[in-house]
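Text of run06.cif (mmCIF, C-alpha atoms) as supplied:
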data_my_file
loop_
_atom_site.label_atom_id
_atom_site.label_comp_id
_atom_site.auth_asym_id
_atom_site.auth_seq_id
_atom_site.Cartn_x
_atom_site.Cartn_y
_atom_site.Cartn_z
CA MET N 1455 39.20 16.24 27.52
CA ARG N 1456 38.00 19.19 29.56
CA ILE N 1457 35.23 18.97 32.10
CA TYR N 1458 32.90 21.91 32.43
CA GLY N 1459 29.48 23.01 33.53
CA LEU N 1460 27.44 20.63 35.65
CA LEU N 1461 30.08 17.91 35.60
CA LEU N 1462 32.78 20.27 36.87
CA PHE N 1463 30.48 21.64 39.58
CA TRP N 1464 29.39 18.16 40.66
CA SER N 1465 32.96 16.84 40.65
CA VAL N 1466 34.19 19.62 42.94
CA LEU N 1467 31.14 19.35 45.22
CA THR N 1468 31.52 15.57 45.44
CA ALA N 1469 35.23 15.77 46.25
CA THR N 1470 34.55 18.40 48.92
CA ILE N 1471 31.75 16.43 50.56
CA ALA N 1472 33.78 13.20 50.46
CA ALA N 1473 36.79 14.92 52.03
CA LEU N 1474 34.65 16.54 54.73
CA SER N 1475 33.14 13.14 55.54
CA LEU N 1476 36.55 11.44 55.69
CA GLY N 1477 38.15 14.17 57.82
CA PRO N 1478 36.33 13.58 61.13
CA SER N 1479 36.63 9.82 60.72
CA PHE N 1480 40.37 10.14 60.19
CA ALA N 1481 40.52 12.35 63.30
CA HIS N 1482 38.94 9.49 65.27
CA VAL N 1483 41.72 7.17 64.09
CA LEU N 1484 44.44 9.69 64.92
CA GLU N 1485 43.20 10.06 68.48
CA SER N 1486 42.40 6.40 69.05
CA ALA N 1487 45.88 5.30 70.18
CA PRO N 1488 46.05 7.59 73.21
CA ARG N 1489 42.37 7.01 73.94
CA LEU N 1490 42.96 3.23 74.00
CA ILE N 1491 46.44 3.14 75.56
CA ARG N 1492 46.91 6.20 77.77
CA TRP N 1493 43.50 7.43 78.81
CA SER N 1494 42.03 6.03 81.96
CA PRO N 1495 38.57 4.50 81.70
CA ALA N 1496 37.18 7.44 83.69
CA LEU N 1497 38.71 10.02 81.32
CA TRP N 1498 37.52 8.13 78.24
CA ARG N 1499 33.98 7.89 79.60
CA GLU N 1500 33.89 11.53 80.72
CA ALA N 1501 35.12 12.86 77.38
CA THR N 1502 33.24 10.48 75.11
CA VAL N 1503 29.96 9.92 76.91
CA PHE N 1504 29.22 12.71 79.37
CA ASN N 1505 30.75 15.91 78.00
CA GLY N 1506 29.60 16.02 74.39
CA GLN N 1507 33.02 15.81 72.74
CA PHE N 1508 31.44 14.23 69.64
CA LEU N 1509 28.12 16.12 69.48
CA LEU N 1510 28.99 17.93 66.25
CA PHE N 1511 30.06 14.64 64.67
CA ALA N 1512 26.38 13.69 64.77
CA ILE N 1513 24.89 17.07 63.89
CA ILE N 1514 27.23 17.87 61.00
CA GLY N 1515 28.87 14.52 60.28
CA ALA N 1516 25.72 12.46 59.75
CA PRO N 1517 24.35 14.62 56.90
CA LEU N 1518 27.84 14.73 55.35
CA ASP N 1519 28.06 10.94 55.51
CA VAL N 1520 24.75 10.58 53.67
CA ALA N 1521 25.80 13.19 51.11
CA ALA N 1522 29.11 11.32 50.68
CA VAL N 1523 27.07 8.41 49.32
CA ALA N 1524 24.60 10.45 47.27
CA CYS N 1525 27.10 12.78 45.58
CA PRO N 1526 29.39 10.11 44.11
CA GLY N 1527 26.27 8.19 43.15
CA LEU N 1528 25.03 11.08 41.05
CA LEU N 1529 28.56 11.61 39.73
CA ALA N 1530 28.66 7.96 38.63
CA TRP N 1531 25.36 8.50 36.82
CA LEU N 1532 26.77 11.60 35.10
CA LEU N 1533 29.81 9.55 34.09
CA ARG N 1534 27.83 6.49 32.92
CA GLU N 1535 29.18 6.84 29.37
CA ASP N 1536 32.77 7.55 30.47
CA ARG N 1537 34.52 4.29 31.37
CA PRO N 1538 36.61 3.78 33.56
CA ALA N 1539 35.65 6.99 35.40
CA PHE N 1540 32.14 5.59 35.90
CA TRP N 1541 33.44 2.40 37.56
CA PHE N 1542 35.67 4.29 39.98
CA ALA N 1543 32.84 6.69 40.87
CA LEU N 1544 30.54 3.74 41.41
CA ALA N 1545 33.18 2.07 43.60
CA ALA N 1546 33.46 5.30 45.62
CA THR N 1547 29.69 5.31 46.09
CA LEU N 1548 29.67 1.71 47.27
CA LEU N 1549 32.62 2.22 49.63
CA TYR N 1550 31.06 5.29 51.24
CA ALA N 1551 27.81 3.31 51.55
CA LEU N 1552 29.80 0.50 53.17
CA SER N 1553 31.17 3.02 55.68
CA LEU N 1554 27.59 3.86 56.69
CA VAL N 1555 26.72 0.19 57.03
CA LEU N 1556 29.82 -0.35 59.18
CA TRP N 1557 28.84 2.59 61.37
CA PHE N 1558 25.34 1.16 61.90
CA VAL N 1559 26.65 -2.36 62.55
CA LEU N 1560 29.68 -1.54 64.73
CA VAL N 1561 29.43 1.96 66.21
CA LYS N 1562 25.71 2.54 66.70
CA PRO N 1563 25.22 -0.51 68.96
CA ALA N 1564 28.12 0.74 71.09
CA ASN N 1565 26.57 4.23 71.14
CA ASN N 1566 23.30 2.71 72.32
CA VAL N 1567 25.09 1.12 75.28
CA LEU N 1568 27.08 4.28 76.03
CA ALA N 1569 23.82 6.23 76.18
CA THR N 1570 22.73 4.09 79.14
CA TRP N 1571 25.85 4.78 81.21
CA MET N 1572 25.47 6.94 84.29
CA PRO N 1573 28.09 8.75 86.38
CA GLY N 1574 29.56 6.52 89.07
CA PRO N 1575 31.48 3.28 88.86
CA ILE N 1576 32.94 2.23 85.52
CA PRO N 1577 30.54 -0.30 83.90
CA ASP N 1578 31.61 -3.94 83.74
CA ASP N 1579 31.40 -3.91 79.94
CA PHE N 1580 33.57 -0.80 79.63
CA GLU N 1581 36.56 -2.41 77.86
CA ALA N 1582 34.39 -4.23 75.33
CA MET N 1583 32.34 -1.13 74.52
CA ARG N 1584 35.38 1.13 74.24
CA LEU N 1585 37.12 -1.33 71.92
CA ARG N 1586 33.99 -1.78 69.79
CA TRP N 1587 33.46 1.97 69.55
CA GLU N 1588 37.08 2.76 68.69
CA SER N 1589 37.61 -0.16 66.29
CA GLY N 1590 34.25 0.53 64.65
CA HIS N 1591 35.40 4.04 63.82
CA MET N 1592 38.63 2.60 62.42
CA ALA N 1593 36.67 0.30 60.09
CA VAL N 1594 34.46 3.19 58.98
CA THR N 1595 37.55 5.28 58.23
CA ALA N 1596 39.16 2.50 56.20
CA ALA N 1597 36.07 2.25 53.96
CA LYS N 1598 35.88 6.02 53.56
CA ALA N 1599 39.60 6.29 52.74
CA ALA N 1600 39.26 3.61 50.06
CA GLY N 1601 36.17 5.41 48.75
CA PHE N 1602 38.00 8.73 48.64
CA VAL N 1603 40.91 7.20 46.70
CA SER N 1604 38.46 5.66 44.26
CA LEU N 1605 36.75 9.02 43.85
CA VAL N 1606 40.05 10.76 43.12
CA VAL N 1607 40.89 8.12 40.50
CA ALA N 1608 37.42 8.62 38.98
CA LEU N 1609 37.96 12.38 38.77
CA LEU N 1610 41.41 11.93 37.24
CA SER N 1611 39.99 9.42 34.74
CA ILE N 1612 37.27 11.67 33.31
CA GLY N 1613 37.62 11.83 29.57
CA ARG N 1614 40.53 9.39 29.44
CA GLY N 1615 38.53 6.18 28.91
#

Could I get this structure in the form of structure tokens?
Amino acid sequence: MRIYGLLLFWSVLTATIAALSLGPSFAHVLESAPRLIRWSPALWREATVFNGQFLLFAIIGAPLDVAAVACPGLLAWLLREDRPAFWFALAATLLYALSLVLWFVLVKPANNVLATWMPGPIPDDFEAMRLRWESGHMAVTAAKAAGFVSLVVALLSIGRG
């Protein structure tokens, strides 16, 4: 079966938004090993906290992350009569939503602590905060990756149910 019109547009838009949301999260995972193993605490703090390395992740990434929940949600609604595509689109929606929950539960509390750090001595809770921040991003990425795979399966399943 061919997809066309609104469904084609929404499918492409959803895949694009989902990929753009996953991309920066995957970048976090790719850079986490050197940040955890090789970087000194001072370098990690300078790059992460004081010099705005991740500013655009908030400005651009946050709206993309919300859209990465909303777009597959609407796609699932458009596919409500097309099983199993509907179920995979719904799973993608829930997994991207889970990634947001994980960010708020794991990363945001670490960000709140990082925002209180001042130049000077490395804080006593440095190792715990760095590990929470880095591992939180890894958990977020895992949920997004699973959501993206589910979305791809949904798109490949359209009209085959």

key: Matched chain/residue IDs from the PyMOL selection byres ((chain N and resi 1588) around 8), as a count of residues only   = 12

Please report as a tab-separated table every residue of stretch 1484-1577 of chain N lying within 10 Å of stretch 1601-1611 of chain N, along with the nearest atom pair and their distance in Å (one decimal), using all atoms listed in the file.
residue	atom	partner	partner_atom	distance
N:Ala1522	CA	N:Gly1601	CA	9.4
N:Val1523	CA	N:Gly1601	CA	9.6
N:Pro1526	CA	N:Leu1605	CA	7.4
N:Leu1529	CA	N:Ala1608	CA	9.4
N:Ala1530	CA	N:Ala1608	CA	8.8
N:Leu1533	CA	N:Ala1608	CA	9.1
N:Asp1536	CA	N:Ser1611	CA	8.6
N:Arg1537	CA	N:Ser1611	CA	8.2
N:Pro1538	CA	N:Ser1611	CA	6.7
N:Ala1539	CA	N:Ala1608	CA	4.3
N:Phe1540	CA	N:Ala1608	CA	6.8
N:Trp1541	CA	N:Ala1608	CA	7.5
N:Phe1542	CA	N:Ala1608	CA	4.8
N:Ala1543	CA	N:Ala1608	CA	5.3
N:Leu1544	CA	N:Leu1605	CA	8.5
N:Ala1545	CA	N:Ser1604	CA	6.4
N:Ala1546	CA	N:Gly1601	CA	4.1
N:Thr1547	CA	N:Gly1601	CA	7.0
N:Leu1548	CA	N:Gly1601	CA	7.6
N:Leu1549	CA	N:Gly1601	CA	4.9
N:Tyr1550	CA	N:Gly1601	CA	5.7
N:Ala1551	CA	N:Gly1601	CA	9.1
N:Leu1552	CA	N:Gly1601	CA	9.2
N:Ser1553	CA	N:Gly1601	CA	8.9

Around all the atoms of stretch 1594-1597 of chain N listed in the file, with 8 Å of room on each side, what axis-aligned box do you get, giving centre and edge lengths in Å to one decimal, as AutoDock Vina command-line options?
--center_x 36.8 --center_y 3.8 --center_z 56.5 --size_x 20.7 --size_y 19.0 --size_z 21.0

Contacts of stretch 1469-1511 of chain N with stretch 1562-1566 of chain N up to 12 Å, shortest pair per row, all atoms listed in the file, as CSV:
residue,atom,partner,partner_atom,distance
N:Arg1499,CA,N:Asn1565,CA,11.8
N:Thr1502,CA,N:Asn1565,CA,10.0
N:Val1503,CA,N:Asn1565,CA,8.8
N:Phe1508,CA,N:Asn1565,CA,11.2

Handout entry: Selected residue, from N:Ile1471, N:Leu1568, N:Ala1487, N:Leu1556, that lies nearest to N:Pro1517 when counting all atoms listed in the file
Key =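 Ranked by minimum distance to N:Pro1517, first place goes to N:Ile1471.
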
State, in Å with one decimal place, the distance from atom CA of N:Ser1479 to atom CA of N:Trp1531.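 Atom CA of N:Trp1531 lies at a distance of 26.5 Å from atom CA of N:Ser1479.
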
| query | Suppose you want the space between atom CA of N:Cys1525 and atom CA of N:Gly1506; what is it in Å? | reply |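 Atom CA of N:Cys1525 sits 29.1 Å away from atom CA of N:Gly1506.
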
Under the rule that all atoms listed in the file are counted, which of N:Leu1554, N:Leu1460, N:Ile1612, N:Ala1469 is the nearest residue to N:Asp1519?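 Closest to N:Asp1519, using all atoms listed in the file: N:Leu1554.
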
If you count only C-alpha atoms, the residue of N:Val1466, N:Leu1474, N:Val1559, N:Met1572 closest to N:Lys1598 turns out to be N:Leu1474

- Shell of 12 Å around N:Gly1574, only C-alpha atoms, local chain residues under 2 positions omitted, as JSON, numbers by chain: {"N": [1495, 1496, 1499, 1500, 1504, 1571, 1572, 1576, 1577, 1578]}

Counting all atoms listed in the file, closest pick from N:Leu1497, N:Ala1569, N:Leu1462, N:Ile1514 relative to N:Gly1477 is N:Ile1514

Non-local contacts of N:Pro1488 (10 Å; all atoms listed in the file; under 5 positions in same chain excluded) as a ChimeraX atom specification:
/N:1493-1494,1498

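Atom pair atom CA of N:Leu1518 / atom CA of N:Ser1475 has a distance of 5.5 Å (rounded to one decimal).
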